[in-house]
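work_28.tsv (TSV, C-alpha atoms and all ligand atoms)
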```
chain	number	residue	atom	x	y	z
A	1	MET	CA	11.77	48.68	-17.34
A	2	SER	CA	12.75	52.06	-18.72
A	3	ALA	CA	13.53	54.89	-16.32
A	4	ARG	CA	12.39	57.41	-18.91
A	5	ARG	CA	9.41	59.41	-17.73
A	6	PRO	CA	6.68	59.31	-20.40
A	7	LEU	CA	5.71	62.62	-21.98
A	8	VAL	CA	2.36	63.23	-23.66
A	9	ALA	CA	2.28	66.52	-25.55
A	10	GLY	CA	-0.82	67.99	-27.18
A	11	ASN	CA	-0.21	69.95	-30.36
A	12	TRP	CA	-3.24	72.19	-30.78
A	13	LYS	CA	-1.97	73.43	-34.16
A	14	LEU	CA	-3.99	76.31	-35.65
A	15	ASN	CA	-7.07	75.73	-33.51
A	16	LYS	CA	-8.92	77.53	-30.73
A	17	THR	CA	-9.55	81.11	-29.76
A	18	VAL	CA	-8.02	82.40	-26.52
A	19	LYS	CA	-11.32	81.66	-24.77
A	20	GLU	CA	-11.51	78.12	-26.10
A	21	ALA	CA	-7.85	77.38	-25.37
A	22	THR	CA	-8.17	78.71	-21.83
A	23	ALA	CA	-11.30	76.63	-21.22
A	24	LEU	CA	-9.52	73.47	-22.38
A	25	ALA	CA	-6.49	74.28	-20.21
A	26	ARG	CA	-8.73	74.69	-17.16
A	27	ASP	CA	-10.53	71.44	-17.94
A	28	LEU	CA	-7.21	69.58	-18.24
A	29	LYS	CA	-5.90	71.14	-15.06
A	30	GLY	CA	-8.98	69.92	-13.17
A	31	ARG	CA	-8.93	66.42	-14.65
A	32	LEU	CA	-5.18	65.93	-14.27
A	33	ALA	CA	-4.87	67.28	-10.75
A	34	ALA	CA	-3.66	63.99	-9.23
A	35	ALA	CA	0.08	63.26	-9.38
A	36	ARG	CA	0.96	60.85	-12.18
A	37	ASN	CA	3.95	59.23	-13.76
A	38	ALA	CA	3.45	60.73	-17.20
A	39	GLU	CA	4.43	64.32	-17.85
A	40	VAL	CA	1.95	66.41	-19.85
A	41	ALA	CA	2.51	69.42	-22.09
A	42	VAL	CA	0.23	71.47	-24.33
A	43	ALA	CA	1.18	73.57	-27.35
A	44	PRO	CA	-1.45	76.24	-28.09
A	45	VAL	CA	-1.16	78.86	-30.84
A	46	PHE	CA	1.12	81.78	-29.93
A	47	THR	CA	-1.79	84.13	-29.23
A	48	SER	CA	-3.11	81.84	-26.47
A	49	LEU	CA	0.19	81.03	-24.72
A	50	ALA	CA	-0.09	83.70	-22.01
A	51	SER	CA	-3.73	82.95	-21.15
A	52	VAL	CA	-3.16	79.19	-21.15
A	53	LYS	CA	-0.13	79.65	-18.88
A	54	GLU	CA	-2.31	81.59	-16.47
A	55	ALA	CA	-5.07	78.97	-16.63
A	56	LEU	CA	-2.54	76.22	-15.87
A	57	ALA	CA	-1.03	78.01	-12.86
A	58	GLY	CA	-0.56	75.58	-10.00
A	59	SER	CA	-0.74	72.51	-12.24
A	60	ALA	CA	2.13	70.33	-13.47
A	61	ILE	CA	1.09	70.70	-17.12
A	62	ALA	CA	3.91	72.24	-19.13
A	63	LEU	CA	3.57	74.84	-21.86
A	64	SER	CA	5.11	74.38	-25.31
A	65	GLY	CA	5.54	76.51	-28.39
A	66	GLN	CA	4.67	75.02	-31.78
A	67	ASN	CA	7.65	76.57	-33.55
A	68	VAL	CA	10.39	79.14	-32.98
A	69	HIS	CA	12.48	81.46	-35.08
A	70	PHE	CA	16.24	81.05	-34.76
A	71	GLU	CA	17.14	84.71	-34.19
A	72	ASP	CA	16.41	86.28	-30.82
A	73	GLN	CA	15.02	89.56	-32.13
A	74	GLY	CA	15.09	91.98	-35.04
A	75	ALA	CA	13.50	92.53	-38.41
A	76	PHE	CA	11.73	89.16	-38.69
A	77	THR	CA	8.09	90.02	-39.29
A	78	GLY	CA	5.68	87.36	-38.14
A	79	GLU	CA	8.18	85.33	-36.13
A	80	VAL	CA	8.46	84.45	-32.43
A	81	SER	CA	11.81	83.88	-30.74
A	82	ALA	CA	13.09	81.59	-27.97
A	83	PRO	CA	13.45	84.39	-25.38
A	84	LEU	CA	9.84	85.35	-26.03
A	85	LEU	CA	8.74	81.75	-25.48
A	86	VAL	CA	10.65	81.78	-22.18
A	87	ASP	CA	9.04	85.10	-21.30
A	88	VAL	CA	5.56	83.61	-21.67
A	89	GLY	CA	6.42	80.45	-19.69
A	90	CYS	CA	7.23	77.80	-22.29
A	91	THR	CA	9.57	75.03	-21.23
A	92	TYR	CA	9.16	73.01	-24.46
A	93	CYS	CA	8.92	73.87	-28.13
A	94	ILE	CA	8.11	71.67	-31.11
A	95	VAL	CA	10.53	72.05	-34.04
A	96	GLY	CA	10.58	70.47	-37.48
A	97	HIS	CA	6.95	69.36	-37.39
A	98	SER	CA	6.03	67.82	-40.72
A	99	GLU	CA	3.56	70.64	-41.42
A	100	ARG	CA	6.44	73.11	-40.96
A	101	ARG	CA	8.70	71.06	-43.20
A	102	HIS	CA	6.17	70.29	-45.96
A	103	VAL	CA	3.81	73.28	-45.90
A	104	PHE	CA	6.19	76.05	-44.87
A	105	GLY	CA	9.46	74.76	-46.29
A	106	ASP	CA	11.47	74.30	-43.09
A	107	THR	CA	14.74	72.57	-43.90
A	108	ASP	CA	17.00	70.36	-41.79
A	109	GLU	CA	19.44	73.25	-41.66
A	110	ASN	CA	17.01	75.78	-40.25
A	111	VAL	CA	15.43	73.17	-37.96
A	112	ASN	CA	18.92	72.74	-36.48
A	113	LYS	CA	19.20	76.52	-36.03
A	114	ARG	CA	15.88	76.53	-34.20
A	115	VAL	CA	17.07	73.69	-31.97
A	116	HIS	CA	20.15	75.72	-31.02
A	117	ALA	CA	18.12	78.87	-30.40
A	118	LEU	CA	15.98	76.92	-27.93
A	119	LEU	CA	19.01	75.38	-26.25
A	120	ASN	CA	20.59	78.79	-25.83
A	121	HIS	CA	17.56	79.87	-23.84
A	122	GLY	CA	16.92	76.71	-21.82
A	123	VAL	CA	13.81	75.57	-23.72
A	124	THR	CA	13.61	71.83	-24.43
A	125	PRO	CA	13.21	71.07	-28.13
A	126	ILE	CA	10.73	68.43	-29.26
A	127	LEU	CA	12.42	67.58	-32.56
A	128	CYS	CA	10.05	65.96	-35.05
A	129	VAL	CA	11.24	63.54	-37.71
A	130	GLY	CA	9.25	61.37	-40.10
A	131	GLU	CA	9.02	59.95	-43.57
A	132	GLN	CA	6.42	60.60	-46.25
A	133	LEU	CA	4.34	57.76	-47.68
A	134	GLU	CA	6.32	57.50	-50.92
A	135	GLU	CA	9.56	57.36	-48.94
A	136	ARG	CA	8.19	54.52	-46.80
A	137	GLU	CA	6.98	52.67	-49.88
A	138	ALA	CA	10.41	53.09	-51.47
A	139	GLY	CA	12.04	51.52	-48.40
A	140	LYS	CA	13.69	54.79	-47.40
A	141	THR	CA	12.09	55.27	-43.97
A	142	LEU	CA	15.24	54.87	-41.90
A	143	ASP	CA	17.42	56.87	-44.31
A	144	VAL	CA	15.00	59.80	-44.13
A	145	VAL	CA	14.28	59.66	-40.41
A	146	LEU	CA	17.86	59.08	-39.27
A	147	GLY	CA	19.09	61.76	-41.68
A	148	GLN	CA	16.65	64.32	-40.26
A	149	LEU	CA	17.71	63.27	-36.77
A	150	ALA	CA	21.44	63.71	-37.36
A	151	LEU	CA	21.04	67.03	-39.17
A	152	GLY	CA	18.52	68.37	-36.66
A	153	LEU	CA	20.88	67.55	-33.80
A	154	ALA	CA	24.10	68.75	-35.49
A	155	ASN	CA	26.51	70.24	-32.93
A	156	TYR	CA	24.15	69.49	-30.06
A	157	PRO	CA	26.17	69.60	-26.84
A	158	SER	CA	26.42	66.13	-25.24
A	159	ALA	CA	26.10	67.60	-21.75
A	160	LYS	CA	22.52	68.68	-22.52
A	161	ALA	CA	21.56	65.79	-24.79
A	162	LYS	CA	19.58	63.76	-22.26
A	163	GLU	CA	16.93	66.47	-22.13
A	164	VAL	CA	16.13	66.69	-25.84
A	165	VAL	CA	12.87	65.04	-26.91
A	166	ILE	CA	12.49	63.35	-30.30
A	167	ALA	CA	9.09	62.79	-31.89
A	168	TYR	CA	8.83	60.17	-34.63
A	169	GLU	CA	5.84	61.12	-36.73
A	170	PRO	CA	5.33	59.27	-40.01
A	171	VAL	CA	3.88	62.01	-42.23
A	172	TRP	CA	1.29	59.66	-43.72
A	173	ALA	CA	-0.12	59.02	-40.23
A	174	ILE	CA	-0.57	62.65	-39.16
A	175	GLY	CA	-4.19	63.75	-39.12
A	176	THR	CA	-5.18	60.90	-41.44
A	177	GLY	CA	-6.56	58.37	-38.98
A	178	ARG	CA	-3.85	55.93	-40.18
A	179	THR	CA	-1.41	54.86	-37.48
A	180	ALA	CA	1.85	52.97	-37.76
A	181	SER	CA	1.43	49.53	-36.20
A	182	PRO	CA	3.07	49.34	-32.77
A	183	SER	CA	5.76	47.03	-34.14
A	184	ASP	CA	6.50	49.25	-37.18
A	185	ALA	CA	6.73	52.28	-34.88
A	186	GLN	CA	8.94	50.38	-32.42
A	187	GLU	CA	11.30	49.39	-35.24
A	188	VAL	CA	11.86	53.05	-36.15
A	189	HIS	CA	12.12	54.14	-32.51
A	190	GLU	CA	14.76	51.48	-31.89
A	191	ALA	CA	16.72	52.68	-34.91
A	192	ILE	CA	16.45	56.28	-33.67
A	193	ARG	CA	17.80	55.25	-30.29
A	194	GLY	CA	20.63	53.40	-32.00
A	195	ARG	CA	21.56	56.50	-34.00
A	196	LEU	CA	21.34	58.65	-30.86
A	197	GLY	CA	23.88	56.26	-29.35
A	198	GLU	CA	26.21	56.96	-32.28
A	199	ILE	CA	25.66	60.72	-32.12
A	200	PHE	CA	26.10	60.84	-28.32
A	201	ASP	CA	26.72	57.60	-26.40
A	202	THR	CA	24.62	54.61	-25.35
A	203	GLU	CA	23.88	55.88	-21.87
A	204	THR	CA	22.71	59.25	-23.19
A	205	ALA	CA	20.62	57.55	-25.89
A	206	GLY	CA	18.99	55.42	-23.21
A	207	ALA	CA	17.86	58.54	-21.36
A	208	ILE	CA	16.37	60.45	-24.32
A	209	ARG	CA	12.60	60.31	-24.72
A	210	ILE	CA	11.30	59.35	-28.15
A	211	LEU	CA	7.60	60.11	-28.64
A	212	TYR	CA	5.37	58.62	-31.31
A	213	GLY	CA	2.96	60.86	-33.19
A	214	GLY	CA	0.39	60.17	-35.90
A	215	SER	CA	-3.31	59.68	-35.18
A	216	VAL	CA	-2.73	58.58	-31.59
A	217	LYS	CA	-6.05	58.12	-29.81
A	218	ALA	CA	-7.45	56.36	-26.76
A	219	SER	CA	-7.99	53.14	-28.68
A	220	ASN	CA	-4.39	52.73	-29.89
A	221	ALA	CA	-2.40	54.56	-27.20
A	222	LYS	CA	-1.83	51.62	-24.88
A	223	ASP	CA	-0.43	49.33	-27.57
A	224	LEU	CA	1.87	52.03	-28.90
A	225	LEU	CA	3.03	53.19	-25.49
A	226	SER	CA	3.80	49.67	-24.32
A	227	GLN	CA	6.59	49.36	-26.92
A	228	ALA	CA	10.07	49.35	-25.42
A	229	ASP	CA	11.34	52.50	-27.16
A	230	ILE	CA	8.12	54.55	-27.26
A	231	ASP	CA	8.28	57.01	-24.40
A	232	GLY	CA	5.11	58.99	-24.92
A	233	ALA	CA	3.08	60.65	-27.64
A	234	LEU	CA	2.77	63.84	-29.61
A	235	VAL	CA	-0.95	64.17	-30.16
A	236	GLY	CA	-2.72	66.46	-32.63
A	237	GLY	CA	-6.45	65.97	-33.24
A	238	ALA	CA	-7.13	63.97	-30.09
A	239	SER	CA	-5.57	66.66	-27.90
A	240	LEU	CA	-8.28	69.18	-28.78
A	241	THR	CA	-10.74	67.98	-26.15
A	242	ALA	CA	-10.12	66.75	-22.62
A	243	ASP	CA	-12.38	63.75	-23.29
A	244	THR	CA	-10.08	62.49	-26.05
A	245	PHE	CA	-6.75	63.67	-24.60
A	246	VAL	CA	-7.01	62.52	-20.99
A	247	PRO	CA	-7.40	58.78	-21.81
A	248	ILE	CA	-4.15	58.95	-23.82
A	249	ILE	CA	-2.39	60.48	-20.83
A	250	GLU	CA	-3.87	57.79	-18.60
A	251	ALA	CA	-2.57	55.13	-20.98
A	252	ALA	CA	0.92	56.60	-20.50
A	253	GLY	CA	0.70	56.04	-16.74
A	301	LIG	C1	0.68	66.11	-34.76
A	301	LIG	O1	0.15	67.18	-34.96
A	301	LIG	O2	1.87	66.10	-34.42
A	301	LIG	C2	-0.09	64.89	-34.92
A	301	LIG	C3	0.49	63.74	-34.68
A	301	LIG	O3	-1.40	65.02	-35.30
A	301	LIG	P1	-2.55	63.87	-35.24
A	301	LIG	O4	-2.48	63.26	-33.85
A	301	LIG	O5	-3.82	64.59	-35.50
A	301	LIG	O6	-2.21	62.86	-36.29
```

Can the structure from this file be put into structure tokens for me?
Ligand code: PEP
Amino acid sequence: MSARRPLVAGNWKLNKTVKEATALARDLKGRLAAARNAEVAVAPVFTSLASVKEALAGSAIALSGQNVHFEDQGAFTGEVSAPLLVDVGCTYCIVGHSERRHVFGDTDENVNKRVHALLNHGVTPILCVGEQLEEREAGKTLDVVLGQLALGLANYPSAKAKEVVIAYEPVWAIGTGRTASPSDAQEVHEAIRGRLGEIFDTETAGAIRILYGGSVKASNAKDLLSQADIDGALVGGASLTADTFVPIIEAAG
């Protein structure tokens, strides 16, 4: 049995006012008060981070950013930096989400810069990788995913590598209701762990958590999370209410 502690992270994307986000945080805090094996994190929009942090005070639920700019400060209108995420209480931050890559043009190179900015400030990156449908259909899934992984982790210091979190999110499964089958997801997760072993070493690879993301919900969470190399979930739509999010967390243990 794996010693990796499961992580279930809710990506609230561009949803919820401060009031709504705070209400959900309070609801989660109440319903997840008992100690559990799985670790839980939520990623609200930037404008709600401070209020959600306050609402979560005294709970074990961690706070995550949804993205970060790679410079600490300066003339970067519209951006938020790693020190500012630390300032507001984030311990995690998602980077390289497919919506960032495919809607906003994030590249492997600037995803890597974001990863390093987070590392420099002690925030754990949740590095997302995943293939598009046409890449899967062309048999390029592993080339794409392992390429994004290696470039996203370029120059990552081995001493800190066990803490990084990888999220495998097939783009065609995000927000579509389509999910990779547990065995298809496991195949990619196993390949990711193999490549992590080449980038770092086998022991380090064995300690890194690899989450699955893409239409995870209560009905499919258990089957996905029971796979040997799936160490938790990055959840979008189903993380927007406690009724749909909590059962996924329960499935993670
Ligand atoms: C996501 O936002 O990372 C995601 C996986 O979304 P959904 O669960 O809605 O597919």

CA of Ile199 (chain A) and CA of Ile126 (chain A) are how many Å apart? 17.0 Å

Draw an axis-aligned box over all listed atoms of ligand LIG 301 (chain A), pad each side with 3 Å, and write its centre and edge lengths in Å, one decimal, as lines of an AutoDock Vina configuration file.
```
center_x = -1.0
center_y = 65.0
center_z = -35.1
size_x = 11.7
size_y = 10.3
size_z = 8.4
```

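Considering only C-alpha atoms and all ligand atoms, the residues that reside within 7 Å of ligand LIG 301 (chain A) can be listed as Asn11, Lys13, His97, Glu169, Ala173, Ile174, Gly175, Thr176, Gly177, Gly213, Gly214, Ser215, Val216, Leu234, Val235, Gly236, Gly237 and Ala238 of chain A.
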
What's the 8 Å shell around region 43-46 of chain A, counting only C-alpha atoms, without same-chain residues fewer than 3 positions away, as a ChimeraX atom specification? /A:9-16,21,49,52,63-66,93

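You will find CA of Cys90 (chain A) at 28.8 Å from CA of Gln227 (chain A).
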
So what do you get for CA of Glu71 (chain A) versus CA of Val40 (chain A), distance-wise? 27.8 Å

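Within the 9 Å cut-off around Gln132 (chain A), using all atoms listed in the file and omitting residues fewer than 4 positions from it on the same chain, the listed residues are A:Arg136, A:Glu137, A:Thr141, A:Val144, A:Pro170, A:Val171, A:Trp172.
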
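Among A:Val86, A:Ala60, A:Leu32, A:Ala41, the residue with the shortest atom-to-atom distance to Ala117 (chain A), counting all atoms listed in the file, is A:Val86.
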
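Each of A:Val123, A:Lys162, A:Arg4, A:Gly89 was compared to Ala228 (chain A) using all atoms listed in the file, and A:Arg4 turns out to be the nearest.
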
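With distances restricted to only C-alpha atoms, A:Val188 is the closest residue to Lys140 (chain A) from A:Ala3, A:Val188, A:Ala34, A:Val103.
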
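With only C-alpha atoms as the atoms that count, the minimum distance from Leu85 (chain A) to the choices A:Gly122, A:Gly232, A:Gly253, A:Pro247 is reached by A:Gly122.
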
Restricting the calculation to only C-alpha atoms, which member of A:Lys217, A:Leu119, A:Arg5, A:Glu190 is positioned closest to Pro157 (chain A)? A:Leu119

Using all atoms listed in the file, can you tell me which of A:Glu187, A:Asn220, A:Asp143, A:Ala233 comes closest to Ile166 (chain A)? A:Ala233

Taking (20.8, 57.2, -29.8) in the coordinates of the supplied file, I want to know which residues reach to within 7 Å of it, counting all atoms listed in the file; could you give the answer as a VMD selection string? chain A and resid 192 to 202 205
